[in-house]
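> Sharing final02.txt (compact mmCIF, C-alpha atoms) below.
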```txt
# COMPACT_ATOMS: atom_id res chain seq x y z
CA MET R 710 70.10 75.96 92.77
CA LYS R 711 72.44 72.96 92.75
CA GLU R 712 74.84 74.75 95.10
CA ILE R 713 72.03 75.70 97.49
CA ILE R 714 71.00 72.05 97.76
CA LEU R 715 74.66 71.10 98.23
CA ALA R 716 75.02 73.66 101.03
CA LEU R 717 71.85 72.30 102.67
CA GLU R 718 73.25 68.78 102.43
CA PHE R 719 76.46 69.95 104.09
CA TYR R 720 74.42 71.64 106.82
CA LEU R 721 72.38 68.49 107.41
CA ILE R 722 75.52 66.34 107.76
CA VAL R 723 77.06 68.86 110.18
CA ILE R 724 73.82 68.93 112.23
CA VAL R 725 73.76 65.12 112.45
CA ILE R 726 77.43 64.86 113.50
CA ALA R 727 77.14 67.74 115.99
CA MET R 728 74.04 66.25 117.60
CA LEU R 729 75.78 62.86 117.76
CA VAL R 730 78.61 64.56 119.64
CA ALA R 731 76.07 66.13 122.02
CA PHE R 732 74.47 62.69 122.61
CA ILE R 733 77.90 61.15 123.21
CA ILE R 734 78.71 63.90 125.73
CA LYS R 735 75.46 63.29 127.59
CA GLY R 736 75.81 59.50 127.47
CA MET R 737 79.44 59.63 128.54
CA LEU R 738 78.58 61.86 131.48
CA VAL R 739 75.86 59.47 132.62
CA LEU R 740 78.18 56.46 132.30
CA VAL R 741 81.08 58.13 134.08
CA ARG R 742 78.81 59.15 136.97
CA LEU R 743 77.31 55.68 137.11
CA PHE R 744 80.68 54.02 137.62
CA THR R 745 82.22 56.66 139.85
CA PRO R 746 81.57 56.08 143.56
CA LYS R 747 79.91 59.11 145.09
CA GLN R 748 81.96 60.95 147.68
CA VAL R 749 80.02 61.89 150.77
CA ALA R 750 79.89 65.67 151.12
CA GLY R 751 82.37 66.90 153.72
CA ALA R 752 83.92 63.45 154.17
CA LYS R 753 87.39 64.74 153.33
CA ASP R 754 87.14 67.56 155.87
CA ALA R 755 85.85 65.22 158.54
CA GLY R 756 88.74 62.85 157.87
CA ASN R 757 91.27 65.64 158.15
CA LYS R 758 89.77 66.82 161.43
CA GLY R 759 89.94 63.26 162.77
CA LYS R 760 93.68 63.25 162.16
CA MET X 1242 119.19 107.14 87.42
CA GLU X 1243 120.10 103.48 87.02
CA PHE X 1244 122.83 103.89 89.62
CA LEU X 1245 120.34 105.42 92.10
CA ALA X 1246 117.85 102.64 91.40
CA THR X 1247 120.54 100.05 92.13
CA LEU X 1248 121.69 101.89 95.23
CA PHE X 1249 118.21 102.35 96.73
CA GLN X 1250 116.53 99.25 95.41
CA GLY X 1251 113.39 99.54 97.52
CA VAL X 1252 112.55 102.80 95.76
CA GLY X 1253 114.17 101.89 92.47
CA THR X 1254 112.07 98.77 91.98
CA LEU X 1255 108.91 100.92 92.12
CA PHE X 1256 109.90 102.37 88.73
CA TYR X 1257 110.64 98.99 87.19
CA GLN X 1258 107.31 97.39 88.08
CA GLU X 1259 103.93 97.74 86.47
CA PRO X 1260 102.40 101.01 87.73
CA LYS X 1261 99.41 99.24 89.31
CA ILE X 1262 101.71 96.94 91.32
CA ALA X 1263 103.91 99.87 92.36
CA ILE X 1264 100.88 101.88 93.51
CA PHE X 1265 99.45 98.87 95.35
CA ARG X 1266 102.81 98.36 97.07
CA ILE X 1267 102.61 101.91 98.43
CA VAL X 1268 99.00 101.33 99.54
CA LEU X 1269 100.04 98.14 101.37
CA ILE X 1270 102.95 99.90 103.08
CA PHE X 1271 100.54 102.49 104.47
CA LEU X 1272 98.01 99.78 105.33
CA GLY X 1273 100.71 97.95 107.30
CA ILE X 1274 101.46 101.14 109.25
CA VAL X 1275 97.73 101.65 109.88
CA PHE X 1276 97.41 98.04 111.15
CA VAL X 1277 100.23 98.61 113.64
CA TRP X 1278 98.60 101.84 114.80
CA LEU X 1279 95.14 100.28 115.12
CA GLY X 1280 96.64 97.25 116.86
CA GLN X 1281 98.49 99.46 119.32
CA ARG X 1282 95.25 101.35 120.04
CA GLY X 1283 93.39 98.07 120.59
CA THR X 1284 90.92 98.68 117.74
CA LEU X 1285 92.28 95.59 115.99
CA GLU X 1286 93.71 92.51 117.71
CA PRO X 1287 97.27 93.62 118.64
CA LEU X 1288 98.67 90.08 118.95
CA ILE X 1289 98.10 89.53 115.23
CA MET X 1290 97.97 93.01 113.78
CA ILE X 1291 101.24 94.47 115.09
CA PRO X 1292 103.51 91.74 113.65
CA MET X 1293 101.32 91.54 110.55
CA GLY X 1294 101.49 95.30 109.96
CA PHE X 1295 105.28 95.28 110.31
CA GLY X 1296 105.59 92.32 107.95
CA MET X 1297 103.28 93.93 105.41
CA ALA X 1298 105.16 97.23 105.44
CA ALA X 1299 108.59 95.57 105.33
CA VAL X 1300 107.85 93.11 102.52
CA ASN X 1301 106.50 95.81 100.25
CA THR X 1302 109.37 98.20 100.90
CA GLY X 1303 112.12 95.59 100.82
CA VAL X 1304 111.80 94.61 97.14
CA LEU X 1305 115.13 94.24 95.37
CA PHE X 1306 116.63 93.20 92.06
CA PHE X 1307 117.61 89.52 91.94
CA SER X 1308 118.69 89.91 88.32
CA ALA X 1309 118.10 92.45 85.57
CA ASP X 1310 114.54 91.27 84.99
CA LYS X 1311 113.68 89.53 88.24
CA LEU X 1312 112.45 91.29 91.37
CA GLY X 1313 111.87 89.70 94.74
CA THR X 1314 112.32 89.91 98.49
CA LEU X 1315 114.47 88.12 101.06
CA PHE X 1316 111.46 87.03 103.13
CA THR X 1317 109.77 84.00 101.54
CA ASP X 1318 109.22 82.37 98.19
CA THR X 1319 105.80 80.78 98.22
CA LEU X 1320 106.21 79.55 94.65
CA ALA X 1321 109.23 77.35 95.42
CA GLU X 1322 107.88 73.83 94.90
CA ASP X 1323 110.50 71.56 93.36
CA THR X 1324 113.36 70.36 95.54
CA GLU X 1325 116.07 72.52 93.94
CA SER X 1326 114.20 75.83 94.19
CA LEU X 1327 112.96 74.95 97.67
CA MET X 1328 116.50 74.24 98.88
CA TYR X 1329 117.67 77.51 97.35
CA ALA X 1330 114.79 79.40 99.03
CA LEU X 1331 115.55 77.75 102.38
CA GLN X 1332 119.11 79.02 102.16
CA VAL X 1333 118.30 82.53 100.94
CA GLU X 1334 114.84 83.56 102.18
CA VAL X 1335 114.86 84.38 105.89
CA PHE X 1336 111.36 83.21 106.78
CA GLN X 1337 111.25 80.31 104.32
CA PRO X 1338 111.94 77.69 107.04
CA ILE X 1339 108.91 78.91 109.02
CA TYR X 1340 106.76 79.00 105.91
CA THR X 1341 107.81 75.55 104.69
CA PHE X 1342 108.03 73.70 108.00
CA ALA X 1343 105.27 75.36 110.02
CA PHE X 1344 102.92 77.43 107.87
CA GLY X 1345 102.33 75.44 104.70
CA ASN X 1346 101.75 72.20 106.62
CA ASN X 1347 99.45 73.87 109.19
CA LEU X 1348 101.71 73.25 112.19
CA ILE X 1349 101.11 76.88 113.25
CA ALA X 1350 97.33 76.42 113.09
CA CYS X 1351 97.64 73.27 115.22
CA LEU X 1352 99.80 75.03 117.82
CA VAL X 1353 97.31 77.89 118.05
CA PHE X 1354 94.54 75.35 118.45
CA MET X 1355 96.44 73.56 121.21
CA GLY X 1356 96.69 76.90 123.00
CA VAL X 1357 92.96 77.50 122.51
CA GLY X 1358 92.38 74.06 124.03
CA VAL X 1359 94.38 75.04 127.10
CA LEU X 1360 92.38 78.26 127.47
CA ALA X 1361 89.00 76.60 126.93
CA ASP X 1362 86.79 75.25 129.69
CA VAL X 1363 84.67 72.37 128.39
CA GLY X 1364 82.75 72.14 131.66
CA ASN X 1365 79.99 74.33 130.27
CA VAL X 1366 79.70 72.12 127.19
CA LEU X 1367 79.22 69.12 129.48
CA ARG X 1368 76.61 71.00 131.54
CA PHE X 1369 74.54 72.16 128.55
CA PRO X 1370 75.55 69.98 125.58
CA PHE X 1371 72.35 70.27 123.53
CA THR X 1372 71.76 73.97 124.17
CA SER X 1373 75.38 74.80 123.34
CA MET X 1374 75.43 72.64 120.23
CA LEU X 1375 72.11 74.01 118.96
CA ILE X 1376 73.35 77.59 119.25
CA ALA X 1377 76.65 76.69 117.60
CA LEU X 1378 74.80 75.10 114.67
CA PHE X 1379 72.79 78.27 114.14
CA ALA X 1380 75.95 80.33 114.43
CA GLU X 1381 77.52 78.36 111.57
CA LEU X 1382 74.76 79.58 109.25
CA GLY X 1383 77.03 82.15 107.60
CA SER X 1384 79.28 79.43 106.18
CA PHE X 1385 76.39 77.63 104.51
CA VAL X 1386 74.81 80.82 103.15
CA THR X 1387 78.15 82.03 101.78
CA PHE X 1388 79.00 78.81 99.93
CA PRO X 1389 76.32 79.07 97.17
CA ILE X 1390 76.78 82.86 96.94
CA ALA X 1391 80.52 82.36 96.41
CA VAL X 1392 79.88 79.82 93.64
CA ALA X 1393 77.36 82.22 92.05
CA MET X 1394 80.06 84.92 92.13
CA GLY X 1395 82.34 82.77 90.00
CA LEU X 1396 84.48 80.89 92.52
CA ASN X 1397 84.99 77.16 92.17
CA TYR X 1398 83.88 74.79 94.95
CA ALA X 1399 87.30 74.69 96.67
CA GLU X 1400 87.64 78.48 96.74
CA ALA X 1401 84.01 78.88 97.81
CA ALA X 1402 84.50 76.39 100.66
CA ALA X 1403 87.71 78.12 101.76
CA ILE X 1404 86.09 81.56 102.01
CA SER X 1405 82.87 80.13 103.53
CA VAL X 1406 84.77 78.83 106.55
CA VAL X 1407 85.30 82.49 107.55
CA GLY X 1408 81.69 82.20 108.81
CA GLY X 1409 82.98 79.92 111.56
CA ALA X 1410 85.12 82.86 112.78
CA ASP X 1411 87.98 80.54 113.54
CA GLY X 1412 91.33 81.73 112.19
CA PRO X 1413 93.23 78.41 112.31
CA MET X 1414 90.30 76.66 110.59
CA VAL X 1415 90.31 79.19 107.75
CA LEU X 1416 94.07 78.81 107.37
CA PHE X 1417 93.76 75.00 107.44
CA THR X 1418 90.96 74.88 104.84
CA ALA X 1419 92.51 77.45 102.54
CA VAL X 1420 95.96 75.82 102.56
CA ILE X 1421 94.49 72.42 101.71
CA LEU X 1422 91.70 73.39 99.31
CA ALA X 1423 92.89 76.57 97.65
CA PRO X 1424 96.64 77.02 98.24
CA GLU X 1425 96.97 79.62 95.47
CA ILE X 1426 94.60 82.03 97.21
CA PHE X 1427 95.16 81.13 100.85
CA VAL X 1428 97.05 84.37 101.52
CA PRO X 1429 94.21 86.82 100.66
CA ILE X 1430 91.60 84.58 102.29
CA THR X 1431 93.54 84.19 105.53
CA VAL X 1432 94.46 87.87 105.68
CA ILE X 1433 90.81 88.86 105.17
CA ALA X 1434 89.68 86.31 107.75
CA TYR X 1435 92.06 87.59 110.45
CA LEU X 1436 91.23 91.19 109.60
CA TYR X 1437 87.52 90.54 110.01
CA LEU X 1438 88.04 88.46 113.13
CA SER X 1439 89.81 91.44 114.64
CA LEU X 1440 86.82 93.57 113.75
CA THR X 1441 84.21 91.28 115.34
CA TYR X 1442 84.96 92.92 118.66
CA GLY X 1443 83.72 96.21 117.22
CA ALA X 1444 80.88 95.02 114.98
CA TYR X 1445 79.10 92.28 116.94
CA PRO X 1446 77.88 94.53 119.79
CA PHE X 1447 75.93 96.55 117.20
CA ILE X 1448 74.35 93.39 115.76
CA ILE X 1449 73.37 92.32 119.30
CA ARG X 1450 71.82 95.72 120.08
CA ALA X 1451 69.95 95.71 116.76
CA ILE X 1452 68.46 92.23 117.20
CA VAL X 1453 68.03 91.67 120.95
CA PRO X 1454 65.82 94.25 122.74
CA LYS X 1455 67.12 95.77 125.96
CA HIS X 1456 64.76 93.91 128.31
CA LEU X 1457 65.91 90.56 126.89
CA ARG X 1458 69.56 91.53 127.03
CA GLY X 1459 69.24 92.12 130.75
CA LEU X 1460 67.36 88.86 131.39
CA VAL X 1461 68.62 86.94 134.42
CA VAL X 1462 68.56 83.17 133.79
CA LYS X 1463 67.21 81.15 136.71
CA VAL X 1464 69.47 78.17 137.39
CA SER X 1465 67.63 75.22 138.97
CA LYS X 1466 70.70 73.27 140.09
CA LYS X 1467 74.35 73.56 139.28
CA SER X 1468 76.10 70.26 138.66
CA ASP X 1469 79.84 70.26 139.19
CA ILE X 1470 81.86 68.76 136.39
CA THR X 1471 85.03 67.06 137.57
CA SER X 1472 88.37 67.12 135.79
CA GLY X 1473 88.04 63.37 135.16
CA GLU X 1474 84.75 63.92 133.34
CA LYS X 1475 86.29 66.67 131.24
CA ILE X 1476 89.25 64.48 130.28
CA ALA X 1477 86.87 61.62 129.46
CA PHE X 1478 84.97 64.01 127.19
CA ASP X 1479 88.21 65.18 125.55
CA ILE X 1480 89.44 61.71 124.67
CA ILE X 1481 86.05 60.38 123.56
CA ALA X 1482 85.16 63.45 121.46
CA CYS X 1483 88.66 63.49 119.93
CA THR X 1484 88.53 59.80 119.03
CA PHE X 1485 85.01 60.01 117.64
CA LEU X 1486 85.60 63.14 115.55
CA CYS X 1487 88.97 61.88 114.23
CA LEU X 1488 87.23 58.68 113.24
CA LEU X 1489 84.61 60.61 111.29
CA LEU X 1490 86.86 63.35 109.91
CA PRO X 1491 90.45 62.09 109.51
CA VAL X 1492 91.41 65.14 107.45
CA ALA X 1493 90.79 67.44 110.42
CA ALA X 1494 92.42 64.99 112.87
CA PRO X 1495 95.57 67.11 113.52
CA LEU X 1496 93.44 70.12 114.49
CA LEU X 1497 91.07 68.04 116.61
CA LEU X 1498 93.96 66.31 118.36
CA SER X 1499 95.61 69.65 119.11
CA PHE X 1500 92.48 71.16 120.64
CA PHE X 1501 91.42 68.21 122.79
CA LEU X 1502 95.00 67.39 123.85
CA GLY X 1503 95.49 70.99 124.97
CA ASN X 1504 92.31 70.82 127.00
CA ALA X 1505 93.11 67.42 128.52
CA ILE X 1506 96.56 68.67 129.57
CA LYS X 1507 94.95 71.64 131.29
CA GLU X 1508 92.44 69.42 133.08
CA SER X 1509 95.07 66.88 134.12
CA GLY X 1510 96.86 69.68 135.97
CA VAL X 1511 100.30 69.18 134.44
CA THR X 1512 101.23 72.79 135.09
CA LYS X 1513 104.59 72.63 133.33
CA TYR X 1514 102.91 71.55 130.08
CA VAL X 1515 100.12 74.09 130.55
CA LYS X 1516 102.71 76.88 130.92
CA LEU X 1517 104.67 75.55 127.93
CA ILE X 1518 101.63 75.47 125.65
CA GLU X 1519 100.04 78.70 126.88
CA ASP X 1520 103.12 80.87 127.28
CA VAL X 1521 105.40 79.45 124.60
CA PHE X 1522 103.50 77.52 121.92
CA LEU X 1523 100.42 79.75 121.70
CA TYR X 1524 102.21 83.09 121.72
CA THR X 1525 105.07 81.94 119.49
CA ALA X 1526 102.60 80.52 116.98
CA THR X 1527 100.38 83.62 117.11
CA PHE X 1528 103.37 85.91 116.68
CA PHE X 1529 104.71 84.03 113.67
CA LEU X 1530 101.22 83.64 112.25
CA GLY X 1531 100.78 87.42 112.27
CA LEU X 1532 104.29 88.03 110.94
CA MET X 1533 103.98 85.43 108.18
CA LEU X 1534 100.58 86.78 107.12
CA GLY X 1535 102.15 90.22 106.83
CA VAL X 1536 105.19 88.94 104.98
CA LEU X 1537 102.96 87.09 102.53
CA CYS X 1538 101.03 90.30 101.72
CA GLU X 1539 103.11 91.18 98.69
CA ALA X 1540 101.42 93.51 96.23
CA SER X 1541 101.68 91.00 93.38
CA THR X 1542 100.05 88.28 95.54
CA LEU X 1543 97.14 90.40 96.69
CA LEU X 1544 96.55 92.14 93.38
CA ASP X 1545 93.92 89.63 92.41
CA PRO X 1546 90.49 90.78 91.21
CA ARG X 1547 88.97 88.09 93.45
CA VAL X 1548 90.16 89.89 96.59
CA LEU X 1549 87.15 92.24 96.36
CA ILE X 1550 84.87 89.18 96.12
CA PHE X 1551 86.57 87.67 99.19
CA LEU X 1552 86.06 90.93 101.10
CA ILE X 1553 82.32 90.90 100.33
CA LEU X 1554 81.93 87.18 101.07
CA GLY X 1555 83.86 87.48 104.33
CA ILE X 1556 81.46 90.15 105.60
CA ILE X 1557 78.45 88.09 104.53
CA ALA X 1558 79.81 84.98 106.24
CA LEU X 1559 80.61 86.63 109.57
CA GLY X 1560 77.49 88.83 109.56
CA VAL X 1561 75.09 85.97 108.83
CA SER X 1562 76.82 83.75 111.40
CA GLY X 1563 76.40 86.43 114.06
CA ILE X 1564 72.73 86.88 113.21
CA GLY X 1565 72.30 83.09 113.03
CA GLY X 1566 73.79 82.71 116.50
CA LEU X 1567 71.32 85.22 117.91
CA ILE X 1568 68.45 83.40 116.16
CA GLY X 1569 69.74 80.25 117.87
CA GLY X 1570 69.68 82.16 121.15
CA TYR X 1571 66.02 83.07 120.52
CA VAL X 1572 65.18 79.44 119.67
CA VAL X 1573 66.69 78.26 122.98
CA TYR X 1574 64.90 81.14 124.74
CA LEU X 1575 61.56 79.85 123.41
CA ILE X 1576 62.33 76.16 124.00
CA SER X 1577 63.41 76.80 127.59
CA GLY X 1578 60.19 78.62 128.45
CA LYS X 1579 61.78 82.07 128.21
CA ASN X 1580 64.47 81.17 130.73
CA PHE X 1581 67.48 81.89 128.52
CA ASN X 1582 69.22 85.09 127.54
CA PRO X 1583 69.32 85.15 123.70
CA THR X 1584 72.41 87.37 123.76
CA ALA X 1585 74.46 84.25 124.55
CA GLY X 1586 73.68 83.13 120.98
CA ILE X 1587 76.38 85.37 119.51
CA ALA X 1588 78.96 83.27 121.37
CA GLY X 1589 78.11 80.32 119.12
CA VAL X 1590 80.38 82.03 116.60
CA SER X 1591 83.53 80.25 117.59
CA CYS X 1592 85.97 83.10 118.08
CA VAL X 1593 87.18 81.85 121.48
CA PRO X 1594 86.81 83.60 123.88
CA THR X 1595 86.10 86.95 122.20
CA CYS X 1596 82.46 86.26 121.29
CA ALA X 1597 81.63 84.96 124.78
CA LYS X 1598 83.20 88.06 126.29
CA ILE X 1599 81.24 90.32 123.92
CA ALA X 1600 77.97 88.58 124.92
CA GLN X 1601 78.67 88.95 128.65
CA HIS X 1602 79.77 92.56 128.23
CA GLU X 1603 76.58 93.52 126.37
CA VAL X 1604 74.46 91.88 129.06
CA TYR X 1605 76.45 93.57 131.81
CA LEU X 1606 75.84 96.99 130.24
CA VAL X 1607 72.09 96.50 130.64
CA ASN X 1608 71.91 94.50 133.88
CA LYS X 1609 74.91 94.19 136.17
CA ARG X 1610 73.39 91.17 137.95
CA ALA X 1611 72.90 89.09 134.82
CA VAL X 1612 75.62 86.50 134.22
CA ILE X 1613 75.52 84.44 131.01
CA LEU X 1614 79.20 83.63 130.66
CA GLN X 1615 78.73 79.92 131.42
CA TYR X 1616 76.16 79.56 128.61
CA ALA X 1617 78.22 81.73 126.29
CA MET X 1618 81.42 79.72 126.88
CA GLY X 1619 79.55 76.45 126.28
CA ALA X 1620 78.25 77.75 122.95
CA ASN X 1621 81.69 79.14 122.15
CA ILE X 1622 83.45 75.79 122.59
CA CYS X 1623 80.70 74.01 120.64
CA GLY X 1624 81.26 76.62 117.93
CA VAL X 1625 84.86 75.38 117.67
CA ILE X 1626 83.65 71.77 117.46
CA VAL X 1627 81.07 72.60 114.77
CA SER X 1628 83.65 74.60 112.79
CA ALA X 1629 86.01 71.61 112.98
CA ILE X 1630 83.25 69.31 111.72
CA LEU X 1631 82.49 71.65 108.82
CA THR X 1632 86.18 72.05 107.98
CA GLY X 1633 86.67 68.29 107.98
CA LEU X 1634 83.62 67.86 105.79
CA PHE X 1635 84.69 70.50 103.27
CA VAL X 1636 88.27 69.22 103.08
CA SER X 1637 87.09 65.62 102.61
CA VAL X 1638 84.17 66.12 100.22
CA VAL X 1639 84.97 69.17 98.08
CA PRO X 1640 87.98 67.61 96.25
CA ILE X 1641 85.73 64.65 95.34
CA LEU X 1642 83.02 67.01 94.05
CA MET X 1643 85.57 68.80 91.87
CA GLN X 1644 86.77 65.64 90.11
```
If you convert what's in this file into structure tokens, what do you get?

Amino acid sequence: MKEIILALEFYLIVIVIAMLVAFIIKGMLVLVRLFTPKQVAGAKDAGNKGK
Amino acid sequence: MEFLATLFQGVGTLFYQEPKIAIFRIVLIFLGIVFVWLGQRGTLEPLIMIPMGFGMAAVNTGVLFFSADKLGTLFTDTLAEDTESLMYALQVEVFQPIYTFAFGNNLIACLVFMGVGVLADVGNVLRFPFTSMLIALFAELGSFVTFPIAVAMGLNYAEAAAISVVGGADGPMVLFTAVILAPEIFVPITVIAYLYLSLTYGAYPFIIRAIVPKHLRGLVVKVSKKSDITSGEKIAFDIIACTFLCLLLPVAAPLLLSFFLGNAIKESGVTKYVKLIEDVFLYTATFFLGLMLGVLCEASTLLDPRVLIFLILGIIALGVSGIGGLIGGYVVYLISGKNFNPTAGIAGVSCVPTCAKIAQHEVYLVNKRAVILQYAMGANICGVIVSAILTGLFVSVVPILMQ
């Protein structure tokens, strides 16, 4: 019984850390996109053609 | 007779050992040959099994007399611990330098992990972080179920944790945990782990077919919009996830660093490094991993009554993890309003990229238009992350629990 509770505790800790990682991924993605200037679609091609 | 035994020591030593060890040596020689054959046929993973089979056959045939009452081989001496015996072993045993400087300190596991990082695409993790992580958590179920069963079967916490990690289906993780927590039994545990990992390719399709009905296996997932993940975003993820996880789990830091560094190098487009890690590091490490595992399979090392327990626990761990992953797939299927193929759940078991390929293959057999590889790869990479978290936790906490 003691080991089952221990295993459940381990599982709970792993769930918390894994979900924290998922939140960090999501948050990081939002932040990176917020501070990255958006490139206008096809702008590079248009520039090349202009040359 | 004594002259013949001295002349042909490989055969002669069979008559000077305990009968059970001699018989087991012969069994292991044949097993090594079978591994090479199955590896060559593709039934077992050839990259590991061919060198391992050769090593296993050679180490059990090449036993010789060191003195009148001492037998041994010229491959490795895993018992050499003090400086004098270690220096002697380094001079005499051919593979001792690899064992001491790359195997025992987990350098090989780290190099394999760096290679896995180069092969992995974290873009799918960034696209579906919660879905992927949820599936990976379910697919780690085998490890948590195995731990109390292992303790109930008489193993101590360290041994139970080492064999439980097999549920994560990640060879380097098993090696890492076993070497740190249970060095005296890391050989049988790692051998069993790699043997079972080779068999997942054959066994998991049957679990998928048994649990996921045909109409769900062929389900086409409707994608609302596909967001492109840039290399910069992937590198940002690598460095942040690496820093965060190393902060939480310093014991697993070398493995985490290896994986995320490998991935960041791939994303940064340094092709010379990518080639170096993929073509040289990964294959060299895998080759020597297989060879060392084989060389370590001496009859006297494996003739441990606990090996049978490890065999049973290994099957439980991998089987439950596979089933757990599919349950995770069903959970996501229900949460997403039935717009998810539950077959992708098996990929949460972190055998990169085998499990993702198995999932896609099973779907393809039912419906050639259904593509789930992006979901499967996301779950697969998260499986690696969850396995690393569990490994770090076990390695940090179990020694404290045993005090």
> Could you work out how far atom CA of X:Lys1311 lies from atom CA of X:Ser1326, giving the answer in Å with one decimal?
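Taking atom CA of X:Ser1326 and atom CA of X:Lys1311, their separation equals 14.9 Å.
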> What does the distance from atom CA of X:Gly1356 to atom CA of X:Ala1617 come to in Å, to one decimal?
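Answer for the atom CA of X:Gly1356 to atom CA of X:Ala1617 separation: 19.4 Å.
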> Separation of atom CA of X:Leu1269 and atom CA of X:Met1293, in Å?
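Spanning atom CA of X:Leu1269 to atom CA of X:Met1293 is a straight-line distance of 11.4 Å.
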> Would you mind listing what lies within 10 Å of X:Asn1301 as a PyMOL selection string, with all atoms listed in the file counted and same-chain residues fewer than 5 positions away left out?
chain X and resi 1251+1255+1263+1265-1271+1273+1296+1313-1314+1535-1541
> Which residue gives the smallest distance to X:Glu1259 among X:Glu1334, X:Ala1597, X:Thr1584, X:Leu1544, with only C-alpha atoms counted?
X:Leu1544
> Take the point (94.3, 75.4, 129.8) in the file's coordinates, draw a sphere of radius 8 Å around it, and report as an NGL selection string every protein, DNA or RNA residue with an atom inside or on it, counting only C-alpha atoms.
:X and (1356-1362 or 1503-1504 or 1506-1508 or 1515 or 1519)
> Residues as selected, C-alpha atoms, written as a tab-separated table (two decimals), keeping the file's coordinate frame, can you do that?

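That gives us out.tsv:
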```tsv
chain	number	residue	atom	x	y	z
X	1356	GLY	CA	96.69	76.90	123.00
X	1357	VAL	CA	92.96	77.50	122.51
X	1358	GLY	CA	92.38	74.06	124.03
X	1359	VAL	CA	94.38	75.04	127.10
X	1360	LEU	CA	92.38	78.26	127.47
X	1361	ALA	CA	89.00	76.60	126.93
X	1362	ASP	CA	86.79	75.25	129.69
X	1503	GLY	CA	95.49	70.99	124.97
X	1504	ASN	CA	92.31	70.82	127.00
X	1506	ILE	CA	96.56	68.67	129.57
X	1507	LYS	CA	94.95	71.64	131.29
X	1508	GLU	CA	92.44	69.42	133.08
X	1515	VAL	CA	100.12	74.09	130.55
X	1519	GLU	CA	100.04	78.70	126.88
```
> Which residues of chain X are close to chain R, meaning at most 6 Å apart when you count all atoms listed in the file, and how do they look as a PDB file with C-alpha atoms, in the frame of the given file?

```
ATOM      1  CA  PRO X1370      75.550  69.980 125.580  1.00  0.00           C
ATOM      2  CA  PHE X1371      72.350  70.270 123.530  1.00  0.00           C
ATOM      3  CA  PHE X1385      76.390  77.630 104.510  1.00  0.00           C
ATOM      4  CA  PRO X1389      76.320  79.070  97.170  1.00  0.00           C
TER       5      PRO X1389
END
```
> Mind listing whatever residues come within 12 Å of the point (77.0, 78.6, 100.5)? Use all atoms listed in the file, file coordinates, and give them as a PyMOL selection string.
(chain R and resi 710-720) or (chain X and resi 1381-1394+1396-1408+1554-1555+1557-1558+1561+1635)
> Write a file of the just-selected residues containing C-alpha atoms, as a compact mmCIF listing (two decimals), keeping the file's coordinate frame.

```txt
# COMPACT_ATOMS: atom_id res chain seq x y z
CA MET R 710 70.10 75.96 92.77
CA LYS R 711 72.44 72.96 92.75
CA GLU R 712 74.84 74.75 95.10
CA ILE R 713 72.03 75.70 97.49
CA ILE R 714 71.00 72.05 97.76
CA LEU R 715 74.66 71.10 98.23
CA ALA R 716 75.02 73.66 101.03
CA LEU R 717 71.85 72.30 102.67
CA GLU R 718 73.25 68.78 102.43
CA PHE R 719 76.46 69.95 104.09
CA TYR R 720 74.42 71.64 106.82
CA GLU X 1381 77.52 78.36 111.57
CA LEU X 1382 74.76 79.58 109.25
CA GLY X 1383 77.03 82.15 107.60
CA SER X 1384 79.28 79.43 106.18
CA PHE X 1385 76.39 77.63 104.51
CA VAL X 1386 74.81 80.82 103.15
CA THR X 1387 78.15 82.03 101.78
CA PHE X 1388 79.00 78.81 99.93
CA PRO X 1389 76.32 79.07 97.17
CA ILE X 1390 76.78 82.86 96.94
CA ALA X 1391 80.52 82.36 96.41
CA VAL X 1392 79.88 79.82 93.64
CA ALA X 1393 77.36 82.22 92.05
CA MET X 1394 80.06 84.92 92.13
CA LEU X 1396 84.48 80.89 92.52
CA ASN X 1397 84.99 77.16 92.17
CA TYR X 1398 83.88 74.79 94.95
CA ALA X 1399 87.30 74.69 96.67
CA GLU X 1400 87.64 78.48 96.74
CA ALA X 1401 84.01 78.88 97.81
CA ALA X 1402 84.50 76.39 100.66
CA ALA X 1403 87.71 78.12 101.76
CA ILE X 1404 86.09 81.56 102.01
CA SER X 1405 82.87 80.13 103.53
CA VAL X 1406 84.77 78.83 106.55
CA VAL X 1407 85.30 82.49 107.55
CA GLY X 1408 81.69 82.20 108.81
CA LEU X 1554 81.93 87.18 101.07
CA GLY X 1555 83.86 87.48 104.33
CA ILE X 1557 78.45 88.09 104.53
CA ALA X 1558 79.81 84.98 106.24
CA VAL X 1561 75.09 85.97 108.83
CA PHE X 1635 84.69 70.50 103.27
```
> Write out as a list of chain:residue names each polymer residue whose atoms come within 10 Å of X:Tyr1574, counting only C-alpha atoms; drop sequence neighbours fewer than 4 positions from it.
X:Thr1372, X:Leu1457, X:Val1462, X:Ile1568, X:Gly1569, X:Gly1570, X:Gly1578, X:Lys1579, X:Asn1580, X:Phe1581, X:Asn1582, X:Pro1583, X:Thr1584, X:Gly1586
> From the set X:Ile1289, X:Ala1611, X:Val1511, X:Ala1620, which residue has the shortest atom-to-atom contact distance to X:Arg1368, counting all atoms listed in the file?
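Ranked by minimum distance to X:Arg1368, first place goes to X:Ala1620.
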